[in-house]
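Chemist: Next comes the structure file coords-v5.txt, holding compact mmCIF, C-alpha atoms and all ligand atoms.
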# COMPACT_ATOMS: atom_id res chain seq x y z
CA MET F 1 88.97 -9.50 92.73
CA LYS F 2 86.68 -7.07 90.98
CA PHE F 3 83.47 -6.31 92.88
CA GLY F 4 80.40 -4.64 91.39
CA ILE F 5 78.64 -2.75 94.17
CA ASP F 6 75.04 -1.68 93.63
CA ILE F 7 73.71 0.88 96.09
CA GLY F 8 69.99 0.04 96.10
CA HIS F 9 67.56 2.69 94.76
CA ASN F 10 68.89 6.29 95.07
CA CYS F 11 67.84 6.92 91.47
CA PRO F 12 64.33 8.44 91.15
CA PRO F 13 61.82 7.13 90.26
CA ASP F 14 63.69 4.15 91.78
CA THR F 15 63.43 5.03 95.48
CA GLY F 16 63.54 2.77 98.52
CA ALA F 17 61.39 1.96 101.51
CA THR F 18 60.55 4.32 104.35
CA GLY F 19 60.32 3.37 108.00
CA VAL F 20 62.04 4.58 111.14
CA LYS F 21 64.75 5.57 108.64
CA GLN F 22 64.96 5.92 104.85
CA GLU F 23 66.30 2.97 102.85
CA ASP F 24 67.92 5.31 100.30
CA VAL F 25 70.00 7.00 102.99
CA LEU F 26 71.12 3.73 104.56
CA THR F 27 72.01 1.89 101.33
CA LYS F 28 74.12 4.87 100.26
CA ASP F 29 75.89 5.03 103.62
CA VAL F 30 76.64 1.29 103.77
CA GLY F 31 77.49 0.99 100.05
CA THR F 32 79.89 3.94 100.08
CA ARG F 33 81.70 2.56 103.12
CA LEU F 34 81.81 -0.95 101.63
CA MET F 35 83.40 0.32 98.40
CA ALA F 36 86.08 2.20 100.36
CA LYS F 37 86.84 -0.85 102.50
CA LEU F 38 87.15 -3.21 99.52
CA SER F 39 89.44 -0.74 97.72
CA ALA F 40 91.57 -0.35 100.83
CA ALA F 41 91.93 -4.14 100.96
CA GLY F 42 93.40 -4.10 97.44
CA HIS F 43 90.32 -5.06 95.42
CA SER F 44 88.86 -3.37 92.36
CA VAL F 45 85.43 -1.84 92.83
CA ILE F 46 82.91 -0.82 90.17
CA ASN F 47 80.05 1.36 91.42
CA CYS F 48 77.03 -0.02 89.55
CA THR F 49 74.58 2.61 90.86
CA PRO F 50 73.19 4.78 88.02
CA ASN F 51 72.85 8.56 88.30
CA THR F 52 69.64 8.91 86.33
CA ALA F 53 66.89 6.62 85.08
CA SER F 54 63.60 7.12 83.25
CA THR F 55 61.81 4.25 85.02
CA VAL F 56 62.50 1.75 87.81
CA ASN F 57 63.15 -0.88 85.16
CA ASP F 58 65.64 1.41 83.43
CA SER F 59 67.39 1.94 86.78
CA LEU F 60 67.68 -1.82 87.32
CA GLN F 61 68.83 -2.50 83.74
CA LYS F 62 71.59 0.11 84.06
CA ARG F 63 72.92 -1.60 87.21
CA VAL F 64 73.01 -4.97 85.42
CA ASP F 65 74.64 -3.47 82.31
CA LYS F 66 77.35 -1.80 84.38
CA ALA F 67 78.25 -5.10 86.09
CA ASN F 68 78.15 -7.17 82.92
CA ASN F 69 80.06 -4.64 80.78
CA ASN F 70 82.81 -4.43 83.42
CA ASN F 71 83.03 -8.21 83.87
CA VAL F 72 82.98 -7.94 87.64
CA ASP F 73 83.71 -11.17 89.54
CA VAL F 74 80.98 -10.75 92.13
CA PHE F 75 77.92 -8.46 92.10
CA VAL F 76 76.57 -7.17 95.42
CA SER F 77 73.30 -5.23 95.71
CA ILE F 78 72.66 -3.43 99.01
CA HIS F 79 69.06 -3.07 100.25
CA PHE F 80 67.00 -2.76 103.41
CA ASN F 81 63.66 -4.39 104.09
CA ALA F 82 60.39 -2.91 105.32
CA PHE F 83 57.25 -4.82 106.28
CA ASN F 84 54.89 -4.28 109.20
CA GLY F 85 57.07 -2.66 111.84
CA THR F 86 57.52 -5.87 113.80
CA ALA F 87 59.41 -8.06 111.32
CA ASN F 88 63.15 -7.86 111.79
CA GLY F 89 66.44 -9.48 110.82
CA SER F 90 68.75 -9.90 107.86
CA GLU F 91 68.53 -11.96 104.70
CA VAL F 92 70.40 -12.48 101.45
CA TYR F 93 69.03 -13.47 98.05
CA ALA F 94 71.14 -15.58 95.70
CA LEU F 95 70.35 -17.81 92.72
CA SER F 96 73.46 -19.89 91.94
CA ARG F 97 75.22 -22.23 94.32
CA THR F 98 78.35 -20.05 94.28
CA ALA F 99 76.30 -16.95 95.01
CA ALA F 100 74.53 -18.74 97.86
CA ALA F 101 77.88 -19.66 99.43
CA ILE F 102 79.02 -16.04 99.21
CA GLY F 103 75.67 -14.94 100.61
CA ARG F 104 75.94 -17.35 103.56
CA SER F 105 79.39 -16.00 104.38
CA VAL F 106 78.11 -12.40 104.30
CA LEU F 107 75.02 -13.25 106.34
CA ASP F 108 77.11 -15.02 109.01
CA GLU F 109 79.09 -11.81 109.49
CA ILE F 110 75.94 -9.63 109.65
CA VAL F 111 74.28 -12.00 112.13
CA SER F 112 77.38 -11.78 114.32
CA LEU F 113 76.44 -8.09 114.84
CA GLY F 114 73.24 -9.25 116.60
CA PHE F 115 70.67 -9.29 113.78
CA VAL F 116 68.25 -12.22 113.42
CA ASP F 117 69.28 -14.74 110.73
CA GLN F 118 66.46 -14.89 108.15
CA GLY F 119 68.52 -17.10 105.84
CA VAL F 120 69.82 -17.14 102.27
CA GLU F 121 66.81 -17.31 99.97
CA LYS F 122 66.10 -17.68 96.27
CA ALA F 123 63.98 -15.03 94.58
CA PRO F 124 64.44 -13.91 90.97
CA PHE F 125 65.12 -10.24 91.66
CA PHE F 126 65.99 -8.45 88.42
CA VAL F 127 69.57 -7.52 89.31
CA ILE F 128 70.61 -11.01 90.44
CA ARG F 129 68.72 -12.78 87.65
CA ASN F 130 70.21 -10.71 84.83
CA THR F 131 73.83 -10.32 85.93
CA SER F 132 76.19 -12.88 84.40
CA MET F 133 78.39 -13.50 87.48
CA PRO F 134 77.69 -14.73 91.03
CA ALA F 135 75.34 -12.09 92.42
CA ILE F 136 73.79 -11.46 95.82
CA LEU F 137 71.15 -9.03 97.05
CA ILE F 138 71.51 -8.20 100.74
CA GLU F 139 68.54 -7.04 102.81
CA CYS F 140 70.73 -5.70 105.61
CA CYS F 141 67.83 -5.39 108.11
CA PHE F 142 64.42 -3.68 108.43
CA VAL F 143 64.17 0.12 108.20
CA ASP F 144 60.74 0.02 109.91
CA SER F 145 61.88 -2.14 112.84
CA PRO F 146 62.79 -0.07 115.92
CA SER F 147 64.93 -2.94 117.25
CA ASP F 148 66.88 -3.33 113.99
CA MET F 149 67.34 0.41 113.65
CA GLY F 150 68.55 0.59 117.26
CA LEU F 151 71.17 -2.05 116.49
CA PHE F 152 72.15 -0.72 113.07
CA ASP F 153 75.50 1.01 112.55
CA ALA F 154 76.49 1.74 108.93
CA ASN F 155 80.21 1.25 109.47
CA LYS F 156 79.79 -2.09 111.28
CA MET F 157 77.37 -3.29 108.59
CA ALA F 158 79.83 -2.37 105.81
CA GLU F 159 82.68 -4.05 107.67
CA ALA F 160 80.62 -7.22 108.13
CA ILE F 161 79.75 -7.36 104.41
CA LYS F 162 83.37 -6.78 103.46
CA ASP F 163 84.56 -9.56 105.81
CA GLY F 164 81.93 -11.90 104.40
CA LEU F 165 82.93 -11.16 100.80
CA ILE F 166 86.68 -11.36 101.14
CA GLY F 167 86.63 -14.25 103.57
CA ASP F 168 84.50 -16.35 101.27
CA VAL F 169 86.58 -15.57 98.22
CA LYS F 170 89.74 -16.64 100.03
CA SER F 171 88.26 -19.87 101.34
CA SER F 172 86.97 -20.77 97.87
CA SER F 173 90.44 -20.45 96.29
CA PRO F 174 92.70 -22.95 98.06
CA ALA F 175 96.48 -22.51 98.02
CA GLN F 176 98.11 -23.34 94.68
CA PRO F 177 101.85 -23.79 95.29
CA ALA F 178 103.78 -22.64 92.23
CA THR F 179 107.01 -21.06 91.10
CA LEU F 180 107.11 -17.38 90.28
CA VAL F 181 109.65 -16.81 87.52
CA VAL F 182 110.78 -13.19 87.47
CA THR F 183 112.09 -12.45 83.97
CA THR F 184 113.45 -8.93 84.44
CA ASN F 185 114.42 -6.61 87.26
CA THR F 186 111.14 -5.39 88.71
CA VAL F 187 109.44 -4.47 91.97
CA LEU F 188 107.05 -6.07 94.43
CA LYS F 189 104.12 -3.88 95.43
CA PRO F 190 102.29 -4.32 98.73
CA SER F 191 99.04 -6.11 97.93
CA THR F 192 97.05 -3.98 100.34
CA GLU F 193 97.61 -0.76 98.40
CA GLN F 194 96.63 0.11 94.85
CA SER F 195 97.86 3.64 94.38
CA ALA F 196 100.26 4.38 91.55
CA ASN F 197 102.06 6.78 93.89
CA LEU F 198 103.20 4.33 96.56
CA PRO F 199 105.83 5.53 99.01
CA ALA F 200 109.24 4.31 97.80
CA ALA F 201 109.85 2.33 101.00
CA SER F 202 106.81 0.12 100.38
CA VAL F 203 108.10 -1.06 96.99
CA VAL F 204 110.75 -3.81 97.02
CA ALA F 205 113.12 -4.60 94.15
CA ILE F 206 113.33 -8.23 93.06
CA ALA F 207 115.95 -9.73 90.73
CA PRO F 208 115.27 -12.22 87.92
CA GLY F 209 115.04 -15.78 89.19
CA SER F 210 112.70 -18.51 90.37
CA TYR F 211 110.84 -18.04 93.64
CA PRO F 212 108.53 -20.57 95.32
CA VAL F 213 105.09 -19.21 96.19
CA LEU F 214 102.31 -20.70 98.30
CA ASN F 215 99.45 -19.27 96.26
CA VAL F 216 98.99 -17.14 93.17
CA ARG F 217 96.26 -15.60 91.04
CA ARG F 218 96.12 -13.27 88.07
CA GLU F 219 94.41 -9.93 88.72
CA GLU F 220 94.13 -6.97 86.37
CA ARG F 221 97.69 -6.43 85.06
CA HIS F 222 99.59 -8.20 87.81
CA PHE F 223 99.96 -11.45 89.71
CA TRP F 224 98.97 -11.60 93.35
CA VAL F 225 101.44 -13.92 95.10
CA LYS F 226 101.53 -15.30 98.62
CA TRP F 227 105.03 -16.31 99.69
CA THR F 228 105.83 -19.55 101.49
CA ASP F 229 107.17 -17.40 104.34
CA ASN F 230 107.40 -13.68 104.97
CA SER F 231 111.01 -13.41 103.83
CA GLN F 232 110.20 -10.93 101.03
CA ALA F 233 110.61 -7.64 102.89
CA GLY F 234 108.76 -9.04 105.90
CA ARG F 235 105.46 -9.33 104.02
CA ASP F 236 103.70 -12.53 103.09
CA GLU F 237 101.95 -11.29 99.94
CA HIS F 238 102.64 -8.90 97.07
CA PHE F 239 101.65 -7.83 93.58
CA VAL F 240 104.08 -8.40 90.68
CA PHE F 241 103.55 -6.86 87.23
CA GLU F 242 102.50 -9.65 84.89
CA ASP F 243 104.75 -8.52 82.01
CA HIS F 244 107.77 -8.96 84.30
CA ALA F 245 107.07 -12.50 85.45
CA ASN F 246 105.31 -15.76 84.75
CA ILE F 247 104.04 -18.69 86.74
CA GLN F 248 105.23 -22.29 86.42
ZN ZN D 1 65.32 -2.00 98.34
The structure in this file should be written as structure tokens.
Modeler:
Amino acid sequence: MKFGIDIGHNCPPDTGATGVKQEDVLTKDVGTRLMAKLSAAGHSVINCTPNTASTVNDSLQKRVDKANNNNVDVFVSIHFNAFNGTANGSEVYALSRTAAAIGRSVLDEIVSLGFVDQGVEKAPFFVIRNTSMPAILIECCFVDSPSDMGLFDANKMAEAIKDGLIGDVKSSSPAQPATLVVTTNTVLKPSTEQSANLPAASVVAIAPGSYPVLNVRREERHFWVKWTDNSQAGRDEHFVFEDHANIQ
């Protein structure tokens, strides 16, 4: 999967809310951690946060353009709320049905940290209205709520969002049993790592032939495959270069 992550504000004159803490600081902390976690889980990440902008509208347009130009699969904008010091809790904004399902999954994970569930809502925020893929805007919690800020931990918040995103994507793509036909001697790469410089021991040679797989999808320049058992080097999923194999 390719995720477009938008760290809210952090681009003057586009700056966030102020409360017990600063929204700009928190969105950057959560967003940076979220990007690292998604990458570590084997997903592609595009940082959609601009460096400079002439106006708030320009800042928002640049975020949308980055997501659309990179054809990300899911767009995620990270924000924090502020209101009157007593409002608290977490909410997600989504426009399409697919986005709402992703948003519900993310919100369930955030609520499991102890935040009040304020629901998945529809509001035509610029970045979710103008992106061309399922898009969610997360209001993680309230920066002016002492109770929310007492509960808030950037790493736990990022982990919850990651779990919500990846969990939902997996549940929305049911297993598709197929046959992986390897056409030339090649290697299997562990699907949890993306580096081009993988340790030799983590890469497994595979000979031409037909192999049953439980699930498969095309990503970037390879197939992600889930084996029917963990017989392939003790792992149950791998990447295979797409020019070395096909699916039947
Ligand atoms: Zn905001």
Chemist: Sorted by chain and rising residue number, which residues of chain F lie within 12 Å of ligand ZN 1 (chain D), and what are their closest atom pairs and distances in Å to one decimal, counting all atoms listed in the file, as CSV?
Modeler:
residue,atom,partner,partner_atom,distance
F:Asp6,CA,D:ZN1,ZN,10.8
F:Ile7,CA,D:ZN1,ZN,9.2
F:Gly8,CA,D:ZN1,ZN,5.6
F:His9,CA,D:ZN1,ZN,6.3
F:Asn10,CA,D:ZN1,ZN,9.6
F:Cys11,CA,D:ZN1,ZN,11.5
F:Asp14,CA,D:ZN1,ZN,9.1
F:Thr15,CA,D:ZN1,ZN,7.8
F:Gly16,CA,D:ZN1,ZN,5.1
F:Ala17,CA,D:ZN1,ZN,6.4
F:Thr18,CA,D:ZN1,ZN,9.9
F:Gln22,CA,D:ZN1,ZN,10.3
F:Glu23,CA,D:ZN1,ZN,6.8
F:Asp24,CA,D:ZN1,ZN,8.0
F:Val25,CA,D:ZN1,ZN,11.2
F:Leu26,CA,D:ZN1,ZN,10.3
F:Thr27,CA,D:ZN1,ZN,8.3
F:Lys28,CA,D:ZN1,ZN,11.3
F:Val56,CA,D:ZN1,ZN,11.5
F:Leu60,CA,D:ZN1,ZN,11.3
F:Ser77,CA,D:ZN1,ZN,9.0
F:Ile78,CA,D:ZN1,ZN,7.5
F:His79,CA,D:ZN1,ZN,4.3
F:Phe80,CA,D:ZN1,ZN,5.4
F:Asn81,CA,D:ZN1,ZN,6.4
F:Ala82,CA,D:ZN1,ZN,8.6
F:Phe83,CA,D:ZN1,ZN,11.7
F:Phe125,CA,D:ZN1,ZN,10.6
F:Phe126,CA,D:ZN1,ZN,11.9
F:Val127,CA,D:ZN1,ZN,11.4
F:Leu137,CA,D:ZN1,ZN,9.2
F:Ile138,CA,D:ZN1,ZN,9.1
F:Glu139,CA,D:ZN1,ZN,7.5
F:Cys140,CA,D:ZN1,ZN,9.8
F:Cys141,CA,D:ZN1,ZN,10.6
F:Phe142,CA,D:ZN1,ZN,10.3
F:Val143,CA,D:ZN1,ZN,10.2
Chemist: If we count all atoms listed in the file and set the cut-off at 12 Å, which residues sit around range 43-46 of chain F, ignoring sequence neighbours fewer than 4 positions away in its own chain? Please answer as a PyMOL selection string.
Modeler: chain F and resi 1-7+31-39+50+63-77+162+165-166+169+191-195+219-221+224+239
Chemist: Choose the residue, out of F:His244, F:Arg104, F:Arg217, F:Lys122, that has the smallest atom-to-atom separation from Pro177 in chain F; count only C-alpha atoms.
Modeler: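 Using only C-alpha atoms, the shortest distance to Pro177 in chain F belongs to F:Arg217.
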Chemist: Given the choices F:Gln61, F:Asn246, F:Asn185, F:Asn84, which gets closest to Thr49 in chain F if the distance is worked out from all atoms listed in the file?
Modeler: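 Looking at the shortest contact to Thr49 in chain F, the residue is F:Gln61.
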Chemist: Counting all atoms listed in the file, which of F:Ser54, F:Thr184, F:Gln232, F:Asn88 gets nearest to Gly114 in chain F?
Modeler: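 Using all atoms listed in the file, Gly114 in chain F sits closest to F:Asn88.
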Chemist: Would you mind reading off the distance between CA of Asp144 in chain F and CA of Gly103 in chain F, one decimal, in Å?
Modeler: 23.1 Å
Chemist: Considering all atoms listed in the file, state which residue in the set F:Gly150, F:Pro134, F:Pro124, F:Gly209 is at the smallest distance from Ala99 in chain F.
Modeler: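 Checking each candidate against Ala99 in chain F, we get F:Pro134 as the closest.
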